[in-house]
>>> print(open('my_file13.cif').read())   # mmCIF, C-alpha atoms
data_run
#
loop_
_atom_site.group_PDB
_atom_site.id
_atom_site.type_symbol
_atom_site.label_atom_id
_atom_site.label_comp_id
_atom_site.auth_asym_id
_atom_site.auth_seq_id
_atom_site.Cartn_x
_atom_site.Cartn_y
_atom_site.Cartn_z
ATOM 1 C CA GLN A 1 -19.074 19.764 -37.270
ATOM 2 C CA VAL A 2 -18.613 16.722 -35.057
ATOM 3 C CA GLN A 3 -21.171 15.773 -32.435
ATOM 4 C CA LEU A 4 -20.068 13.645 -29.482
ATOM 5 C CA VAL A 5 -22.333 11.901 -26.989
ATOM 6 C CA GLU A 6 -20.890 10.087 -23.975
ATOM 7 C CA SER A 7 -22.470 7.376 -21.855
ATOM 8 C CA GLY A 8 -21.463 4.752 -19.327
ATOM 9 C CA GLY A 9 -20.624 6.815 -16.280
ATOM 10 C CA GLY A 10 -21.806 5.851 -12.824
ATOM 11 C CA SER A 11 -20.721 4.884 -9.358
ATOM 12 C CA VAL A 12 -18.330 2.076 -8.544
ATOM 13 C CA GLN A 13 -16.299 0.937 -5.576
ATOM 14 C CA ALA A 14 -12.523 1.161 -5.526
ATOM 15 C CA GLY A 15 -11.009 -1.687 -7.483
ATOM 16 C CA GLY A 16 -14.009 -1.911 -9.775
ATOM 17 C CA SER A 17 -14.420 -1.237 -13.486
ATOM 18 C CA LEU A 18 -16.461 0.957 -15.808
ATOM 19 C CA ARG A 19 -16.546 1.420 -19.556
ATOM 20 C CA LEU A 20 -17.327 4.777 -21.089
ATOM 21 C CA SER A 21 -18.624 5.137 -24.637
ATOM 22 C CA CYS A 22 -18.643 8.112 -26.977
ATOM 23 C CA VAL A 23 -20.594 8.066 -30.224
ATOM 24 C CA ALA A 24 -19.360 10.472 -32.890
ATOM 25 C CA SER A 25 -21.625 11.820 -35.637
ATOM 26 C CA GLY A 26 -21.516 14.511 -38.257
ATOM 27 C CA TYR A 27 -18.447 15.089 -40.373
ATOM 28 C CA THR A 28 -15.569 12.901 -39.254
ATOM 29 C CA PRO A 29 -12.340 12.654 -41.255
ATOM 30 C CA SER A 30 -10.915 9.276 -42.150
ATOM 31 C CA ASN A 31 -8.113 9.686 -39.636
ATOM 32 C CA TYR A 32 -8.199 12.028 -36.703
ATOM 33 C CA CYS A 33 -7.423 12.389 -33.016
ATOM 34 C CA MET A 34 -9.928 11.519 -30.318
ATOM 35 C CA GLY A 35 -9.493 11.466 -26.587
ATOM 36 C CA TRP A 36 -10.893 11.445 -23.094
ATOM 37 C CA PHE A 37 -10.421 14.243 -20.574
ATOM 38 C CA ARG A 38 -11.591 14.457 -16.990
ATOM 39 C CA GLN A 39 -12.278 17.240 -14.526
ATOM 40 C CA ALA A 40 -12.569 16.773 -10.789
ATOM 41 C CA PRO A 41 -14.334 19.436 -8.671
ATOM 42 C CA GLY A 42 -12.117 22.458 -8.176
ATOM 43 C CA LYS A 43 -9.457 21.180 -10.557
ATOM 44 C CA GLU A 44 -8.457 21.787 -14.149
ATOM 45 C CA ARG A 45 -9.553 19.499 -16.969
ATOM 46 C CA ASP A 46 -6.793 17.005 -17.679
ATOM 47 C CA GLY A 47 -6.119 14.645 -20.552
ATOM 48 C CA VAL A 48 -6.571 10.968 -19.750
ATOM 49 C CA ALA A 49 -6.076 9.038 -22.982
ATOM 50 C CA ALA A 50 -6.044 9.663 -26.716
ATOM 51 C CA LEU A 51 -5.784 7.720 -29.911
ATOM 52 C CA TYR A 52 -5.292 8.453 -33.580
ATOM 53 C CA THR A 53 -8.027 6.613 -35.435
ATOM 54 C CA ASN A 54 -7.114 3.700 -37.693
ATOM 55 C CA THR A 55 -3.771 3.273 -35.943
ATOM 56 C CA GLU A 56 -2.623 1.401 -32.848
ATOM 57 C CA ASN A 57 -1.042 4.520 -31.436
ATOM 58 C CA THR A 58 -2.245 5.906 -28.161
ATOM 59 C CA TYR A 59 -1.392 8.341 -25.388
ATOM 60 C CA TYR A 60 -2.055 7.759 -21.684
ATOM 61 C CA ALA A 61 -1.611 10.033 -18.711
ATOM 62 C CA GLU A 62 0.765 8.564 -16.133
ATOM 63 C CA ALA A 63 -2.003 8.343 -13.547
ATOM 64 C CA VAL A 64 -4.012 5.870 -15.630
ATOM 65 C CA LYS A 65 -1.351 3.801 -17.399
ATOM 66 C CA GLU A 66 -1.816 0.050 -16.990
ATOM 67 C CA ARG A 67 -5.375 0.621 -15.685
ATOM 68 C CA PHE A 68 -7.261 2.375 -18.489
ATOM 69 C CA THR A 69 -7.538 1.364 -22.139
ATOM 70 C CA ILE A 70 -8.758 3.573 -24.968
ATOM 71 C CA SER A 71 -10.146 1.966 -28.101
ATOM 72 C CA ARG A 72 -12.458 2.658 -31.009
ATOM 73 C CA ASP A 73 -14.989 0.662 -32.994
ATOM 74 C CA ASN A 74 -14.716 2.107 -36.482
ATOM 75 C CA LYS A 75 -17.934 0.529 -37.739
ATOM 76 C CA LYS A 76 -19.912 2.051 -34.895
ATOM 77 C CA ASN A 77 -17.897 5.289 -34.892
ATOM 78 C CA THR A 78 -17.666 4.870 -31.140
ATOM 79 C CA LEU A 79 -14.784 5.636 -28.812
ATOM 80 C CA TYR A 80 -14.389 3.671 -25.578
ATOM 81 C CA LEU A 81 -12.523 4.062 -22.321
ATOM 82 C CA GLN A 82 -12.218 0.871 -20.309
ATOM 83 C CA MET A 83 -11.360 1.733 -16.730
ATOM 84 C CA ASN A 84 -10.103 -1.017 -14.424
ATOM 85 C CA SER A 85 -8.669 -1.058 -10.894
ATOM 86 C CA MET A 86 -10.378 2.229 -10.290
ATOM 87 C CA LYS A 87 -9.373 4.531 -7.458
ATOM 88 C CA PRO A 88 -11.236 7.283 -5.591
ATOM 89 C CA GLU A 89 -8.967 9.815 -7.302
ATOM 90 C CA ASP A 90 -10.486 8.769 -10.636
ATOM 91 C CA THR A 91 -13.708 10.483 -9.554
ATOM 92 C CA ALA A 92 -14.452 13.220 -12.075
ATOM 93 C CA MET A 93 -16.610 14.331 -14.968
ATOM 94 C CA TYR A 94 -15.278 12.563 -18.043
ATOM 95 C CA TYR A 95 -15.432 14.231 -21.453
ATOM 96 C CA CYS A 96 -14.979 12.825 -24.917
ATOM 97 C CA ALA A 97 -13.232 15.166 -27.331
ATOM 98 C CA ALA A 98 -12.156 15.262 -30.958
ATOM 99 C CA ALA A 99 -9.344 17.139 -32.652
ATOM 100 C CA PRO A 100 -9.753 16.757 -36.424
ATOM 101 C CA SER A 101 -6.988 19.274 -37.153
ATOM 102 C CA LEU A 102 -4.423 17.753 -34.810
ATOM 103 C CA GLY A 103 -1.800 15.651 -36.524
ATOM 104 C CA PHE A 104 -0.644 12.174 -35.600
ATOM 105 C CA TRP A 105 2.389 13.168 -33.533
ATOM 106 C CA GLY A 106 0.527 15.899 -31.720
ATOM 107 C CA CYS A 107 -2.186 13.407 -30.835
ATOM 108 C CA ILE A 108 0.008 10.726 -29.281
ATOM 109 C CA ASP A 109 2.611 13.034 -27.756
ATOM 110 C CA ARG A 110 0.452 15.165 -25.491
ATOM 111 C CA MET A 111 -3.095 16.178 -24.581
ATOM 112 C CA LYS A 112 -3.775 19.900 -24.537
ATOM 113 C CA GLU A 113 -7.353 20.970 -23.980
ATOM 114 C CA ASP A 114 -7.157 23.886 -26.418
ATOM 115 C CA GLU A 115 -6.134 21.585 -29.276
ATOM 116 C CA TYR A 116 -9.458 19.748 -29.169
ATOM 117 C CA ASN A 117 -12.260 21.445 -31.077
ATOM 118 C CA TYR A 118 -15.283 19.308 -30.261
ATOM 119 C CA TRP A 119 -16.546 18.135 -26.890
ATOM 120 C CA GLY A 120 -19.266 15.943 -25.499
ATOM 121 C CA GLN A 121 -21.483 16.948 -22.609
ATOM 122 C CA GLY A 122 -19.619 14.799 -20.100
ATOM 123 C CA THR A 123 -20.486 11.781 -17.992
ATOM 124 C CA GLN A 124 -19.942 11.577 -14.234
ATOM 125 C CA VAL A 125 -17.774 8.858 -12.724
ATOM 126 C CA THR A 126 -17.677 8.390 -8.955
ATOM 127 C CA VAL A 127 -15.379 5.913 -7.208
ATOM 128 C CA SER A 128 -15.983 5.238 -3.532
ATOM 129 C CA SER A 129 -13.412 3.858 -1.116
#
>>> encode(input="my_file13.cif", output="structure tokens")
Amino acid sequence: QVQLVESGGGSVQAGGSLRLSCVASGYTPSNYCMGWFRQAPGKERDGVAALYTNTENTYYAEAVKERFTISRDNKKNTLYLQMNSMKPEDTAMYYCAAAPSLGFWGCIDRMKEDEYNYWGQGTQVTVSS
């Protein structure tokens, strides 16, 4: 079992920045896939960014490329999402997720919700214009 707890959400004006954190506990493999999803009201949950731990390899959705950066502090077992140049359309509930069974190529090639086994409770991000 993997437990995930997010923090760092809040309200920001367009053009501003936020950093989300996700602390993982419980059984975590040496190398596995972790990512961030988001869900806006009335919309499906979409993948935002993912990384395969202990590598430099990442995946980003087109909508956030060049603005968001996913990273991980291995010592703290914490996943981050640095969000810059934020837009009102970034407003959503953001979820941290882990996919211990997903291989390297699956992790950096795509983000499918049903491939992630463990989820945090979510943290709200609101961007005003």
>>> axis_aligned_box(input="my_file13.cif", around="stretch 83-98 of chain A", padding_each_side="8 Å", output="JSON")
{"center_x": -12.6, "center_y": 7.1, "center_z": -18.3, "size_x": 23.9, "size_y": 32.3, "size_z": 41.4}
>>> residues_around(input="my_file13.cif", residues="A:Asn57", least_positions_apart="4", cutoff="8 Å", atoms="all atoms listed in the file", output="number ranges by chain")
A: 51-52, 108
>>> closest_residue(input="my_file13.cif", among="A:Ser71, A:Asn31, A:Ser11, A:Thr53", to="A:Val125", atoms="only C-alpha atoms")
A:Ser11
>>> resolve_selection(input="my_file13.cif", expression="the PyMOL selection byres ((chain A and resi 94) around 8)", output="PyMOL selection string")
chain A and resi 36-39+92-93+95-96+122-125
>>> resolve_selection(input="my_file13.cif", expression="the PyMOL selection byres ((chain A and resi 24) around 10)", output="list in words")
Val2, Gln3, Leu4, Val5, Glu6, Ser21, Cys22, Val23, Ser25, Gly26, Tyr27, Thr28, Met34, Lys76, Asn77, Thr78, Leu79, Cys96, Ala97, Ala98 and Gly120 of chain A
>>> atom_distance(input="my_file13.cif", atom1="atom CA of A:Cys33", atom2="atom CA of A:Asn84")
23.1 Å
>>> closest_residue(input="my_file13.cif", among="A:Asp73, A:Glu56, A:Asp90, A:Glu62", to="A:Ala40", atoms="all atoms listed in the file")
A:Asp90
>>> residues_near_point(input="my_file13.cif", point="(-12.5, -0.2, -7.8)", cutoff="10 Å", atoms="only C-alpha atoms", output="JSON, numbers by chain")
{"A": [11, 12, 13, 14, 15, 16, 17, 18, 83, 84, 85, 86, 87, 88, 90, 127, 128, 129]}
>>> closest_residue(input="my_file13.cif", among="A:Gly35, A:Gly106, A:Gly42, A:Gly10", to="A:Leu81", atoms="all atoms listed in the file")
A:Gly35
>>> atom_distance(input="my_file13.cif", atom1="atom CA of A:Ser7", atom2="atom CA of A:Leu20")
5.8 Å
>>> atom_distance(input="my_file13.cif", atom1="atom CA of A:Ala63", atom2="atom CA of A:Glu89")
9.5 Å
>>> closest_residue(input="my_file13.cif", among="A:Lys75, A:Arg19, A:Lys112, A:Arg45", to="A:Tyr59", atoms="only C-alpha atoms")
A:Lys112
>>> closest_residue(input="my_file13.cif", among="A:Thr91, A:Ser30, A:Ser101, A:Gln1", to="A:Asn74", atoms="all atoms listed in the file")
A:Ser30
>>> closest_residue(input="my_file13.cif", among="A:Gly9, A:Pro29, A:Leu102, A:Glu115", to="A:Tyr80", atoms="only C-alpha atoms")
A:Gly9
>>> resolve_selection(input="my_file13.cif", expression="the PyMOL selection byres ((chain A and resi 47) around 6)", output="list in words")
Phe37, Asp46, Val48 and Met111 of chain A
>>> build_atoms(input="my_file13.cif", residues="stretch 107-118 of chain A", atoms="all heavy atoms", output="PDB file, in the frame of the given file")
ATOM      1  N   CYS A 107      -1.160  14.192 -31.514  1.00  0.00           N
ATOM      2  CA  CYS A 107      -2.186  13.407 -30.835  1.00  0.00           C
ATOM      3  C   CYS A 107      -1.589  12.459 -29.814  1.00  0.00           C
ATOM      4  O   CYS A 107      -2.105  12.341 -28.699  1.00  0.00           O
ATOM      5  CB  CYS A 107      -2.992  12.626 -31.867  1.00  0.00           C
ATOM      6  SG  CYS A 107      -4.333  11.647 -31.183  1.00  0.00           S
ATOM      7  N   ILE A 108      -0.524  11.760 -30.170  1.00  0.00           N
ATOM      8  CA  ILE A 108       0.008  10.726 -29.281  1.00  0.00           C
ATOM      9  C   ILE A 108       1.131  11.218 -28.388  1.00  0.00           C
ATOM     10  O   ILE A 108       1.644  10.463 -27.564  1.00  0.00           O
ATOM     11  CB  ILE A 108       0.475   9.495 -30.082  1.00  0.00           C
ATOM     12  CG1 ILE A 108       1.685   9.859 -30.965  1.00  0.00           C
ATOM     13  CG2 ILE A 108      -0.662   8.936 -30.908  1.00  0.00           C
ATOM     14  CD1 ILE A 108       2.350   8.640 -31.567  1.00  0.00           C
ATOM     15  N   ASP A 109       1.506  12.494 -28.554  1.00  0.00           N
ATOM     16  CA  ASP A 109       2.611  13.034 -27.756  1.00  0.00           C
ATOM     17  C   ASP A 109       2.139  13.772 -26.518  1.00  0.00           C
ATOM     18  O   ASP A 109       2.852  13.868 -25.521  1.00  0.00           O
ATOM     19  CB  ASP A 109       3.446  13.971 -28.619  1.00  0.00           C
ATOM     20  CG  ASP A 109       4.592  14.595 -27.846  1.00  0.00           C
ATOM     21  OD1 ASP A 109       5.492  13.847 -27.417  1.00  0.00           O
ATOM     22  OD2 ASP A 109       4.570  15.826 -27.641  1.00  0.00           O
ATOM     23  N   ARG A 110       0.918  14.307 -26.577  1.00  0.00           N
ATOM     24  CA  ARG A 110       0.452  15.165 -25.491  1.00  0.00           C
ATOM     25  C   ARG A 110      -1.071  15.293 -25.573  1.00  0.00           C
ATOM     26  O   ARG A 110      -1.682  14.885 -26.541  1.00  0.00           O
ATOM     27  CB  ARG A 110       1.046  16.563 -25.635  1.00  0.00           C
ATOM     28  CG  ARG A 110       0.617  17.236 -26.943  1.00  0.00           C
ATOM     29  CD  ARG A 110       1.266  18.565 -27.175  1.00  0.00           C
ATOM     30  NE  ARG A 110       0.784  19.202 -28.395  1.00  0.00           N
ATOM     31  CZ  ARG A 110       1.343  19.070 -29.576  1.00  0.00           C
ATOM     32  NH1 ARG A 110       2.416  18.310 -29.703  1.00  0.00           N
ATOM     33  NH2 ARG A 110       0.856  19.703 -30.625  1.00  0.00           N
ATOM     34  N   MET A 111      -1.672  15.853 -24.544  1.00  0.00           N
ATOM     35  CA  MET A 111      -3.095  16.178 -24.581  1.00  0.00           C
ATOM     36  C   MET A 111      -3.270  17.583 -24.032  1.00  0.00           C
ATOM     37  O   MET A 111      -3.168  17.808 -22.819  1.00  0.00           O
ATOM     38  CB  MET A 111      -3.913  15.180 -23.762  1.00  0.00           C
ATOM     39  CG  MET A 111      -4.001  13.802 -24.389  1.00  0.00           C
ATOM     40  SD  MET A 111      -5.185  12.731 -23.546  1.00  0.00           S
ATOM     41  CE  MET A 111      -6.730  13.415 -24.170  1.00  0.00           C
ATOM     42  N   LYS A 112      -3.517  18.515 -24.921  1.00  0.00           N
ATOM     43  CA  LYS A 112      -3.775  19.900 -24.537  1.00  0.00           C
ATOM     44  C   LYS A 112      -5.225  20.229 -24.855  1.00  0.00           C
ATOM     45  O   LYS A 112      -5.675  20.071 -25.990  1.00  0.00           O
ATOM     46  CB  LYS A 112      -2.847  20.847 -25.294  1.00  0.00           C
ATOM     47  CG  LYS A 112      -1.382  20.724 -24.910  1.00  0.00           C
ATOM     48  CD  LYS A 112      -0.556  21.763 -25.646  1.00  0.00           C
ATOM     49  CE  LYS A 112       0.914  21.690 -25.245  1.00  0.00           C
ATOM     50  NZ  LYS A 112       1.735  22.699 -25.949  1.00  0.00           N
ATOM     51  N   GLU A 113      -5.922  20.700 -23.843  1.00  0.00           N
ATOM     52  CA  GLU A 113      -7.353  20.970 -23.980  1.00  0.00           C
ATOM     53  C   GLU A 113      -7.662  21.883 -25.157  1.00  0.00           C
ATOM     54  O   GLU A 113      -8.633  21.647 -25.899  1.00  0.00           O
ATOM     55  CB  GLU A 113      -7.861  21.595 -22.686  1.00  0.00           C
ATOM     56  CG  GLU A 113      -9.354  21.841 -22.646  1.00  0.00           C
ATOM     57  CD  GLU A 113      -9.781  22.413 -21.306  1.00  0.00           C
ATOM     58  OE1 GLU A 113      -8.944  22.499 -20.389  1.00  0.00           O
ATOM     59  OE2 GLU A 113     -10.970  22.767 -21.181  1.00  0.00           O
ATOM     60  N   ASP A 114      -6.837  22.900 -25.378  1.00  0.00           N
ATOM     61  CA  ASP A 114      -7.157  23.886 -26.418  1.00  0.00           C
ATOM     62  C   ASP A 114      -6.889  23.366 -27.827  1.00  0.00           C
ATOM     63  O   ASP A 114      -7.188  24.058 -28.804  1.00  0.00           O
ATOM     64  CB  ASP A 114      -6.417  25.201 -26.186  1.00  0.00           C
ATOM     65  CG  ASP A 114      -4.910  25.044 -26.149  1.00  0.00           C
ATOM     66  OD1 ASP A 114      -4.415  23.933 -26.413  1.00  0.00           O
ATOM     67  OD2 ASP A 114      -4.224  26.042 -25.861  1.00  0.00           O
ATOM     68  N   GLU A 115      -6.347  22.171 -27.954  1.00  0.00           N
ATOM     69  CA  GLU A 115      -6.134  21.585 -29.276  1.00  0.00           C
ATOM     70  C   GLU A 115      -7.320  20.740 -29.726  1.00  0.00           C
ATOM     71  O   GLU A 115      -7.343  20.258 -30.855  1.00  0.00           O
ATOM     72  CB  GLU A 115      -4.852  20.754 -29.277  1.00  0.00           C
ATOM     73  CG  GLU A 115      -3.594  21.606 -29.135  1.00  0.00           C
ATOM     74  CD  GLU A 115      -2.320  20.792 -29.151  1.00  0.00           C
ATOM     75  OE1 GLU A 115      -2.362  19.602 -28.774  1.00  0.00           O
ATOM     76  OE2 GLU A 115      -1.272  21.355 -29.538  1.00  0.00           O
ATOM     77  N   TYR A 116      -8.277  20.536 -28.849  1.00  0.00           N
ATOM     78  CA  TYR A 116      -9.458  19.748 -29.169  1.00  0.00           C
ATOM     79  C   TYR A 116     -10.621  20.688 -29.453  1.00  0.00           C
ATOM     80  O   TYR A 116     -10.956  21.541 -28.634  1.00  0.00           O
ATOM     81  CB  TYR A 116      -9.784  18.790 -28.014  1.00  0.00           C
ATOM     82  CG  TYR A 116      -8.833  17.633 -27.949  1.00  0.00           C
ATOM     83  CD1 TYR A 116      -7.526  17.799 -27.495  1.00  0.00           C
ATOM     84  CD2 TYR A 116      -9.217  16.359 -28.371  1.00  0.00           C
ATOM     85  CE1 TYR A 116      -6.638  16.734 -27.458  1.00  0.00           C
ATOM     86  CE2 TYR A 116      -8.337  15.284 -28.328  1.00  0.00           C
ATOM     87  CZ  TYR A 116      -7.049  15.488 -27.875  1.00  0.00           C
ATOM     88  OH  TYR A 116      -6.174  14.429 -27.839  1.00  0.00           O
ATOM     89  N   ASN A 117     -11.242  20.508 -30.618  1.00  0.00           N
ATOM     90  CA  ASN A 117     -12.260  21.445 -31.077  1.00  0.00           C
ATOM     91  C   ASN A 117     -13.673  21.063 -30.666  1.00  0.00           C
ATOM     92  O   ASN A 117     -14.534  21.933 -30.558  1.00  0.00           O
ATOM     93  CB  ASN A 117     -12.240  21.518 -32.614  1.00  0.00           C
ATOM     94  CG  ASN A 117     -10.858  21.771 -33.155  1.00  0.00           C
ATOM     95  OD1 ASN A 117     -10.136  20.835 -33.493  1.00  0.00           O
ATOM     96  ND2 ASN A 117     -10.464  23.017 -33.226  1.00  0.00           N
ATOM     97  N   TYR A 118     -13.920  19.765 -30.499  1.00  0.00           N
ATOM     98  CA  TYR A 118     -15.283  19.308 -30.261  1.00  0.00           C
ATOM     99  C   TYR A 118     -15.340  18.505 -28.963  1.00  0.00           C
ATOM    100  O   TYR A 118     -14.445  17.700 -28.674  1.00  0.00           O
ATOM    101  CB  TYR A 118     -15.760  18.439 -31.438  1.00  0.00           C
ATOM    102  CG  TYR A 118     -15.734  19.181 -32.745  1.00  0.00           C
ATOM    103  CD1 TYR A 118     -14.686  19.016 -33.647  1.00  0.00           C
ATOM    104  CD2 TYR A 118     -16.746  20.082 -33.072  1.00  0.00           C
ATOM    105  CE1 TYR A 118     -14.641  19.715 -34.832  1.00  0.00           C
ATOM    106  CE2 TYR A 118     -16.713  20.782 -34.261  1.00  0.00           C
ATOM    107  CZ  TYR A 118     -15.658  20.599 -35.138  1.00  0.00           C
ATOM    108  OH  TYR A 118     -15.634  21.301 -36.307  1.00  0.00           O
TER     109      TYR A 118
END
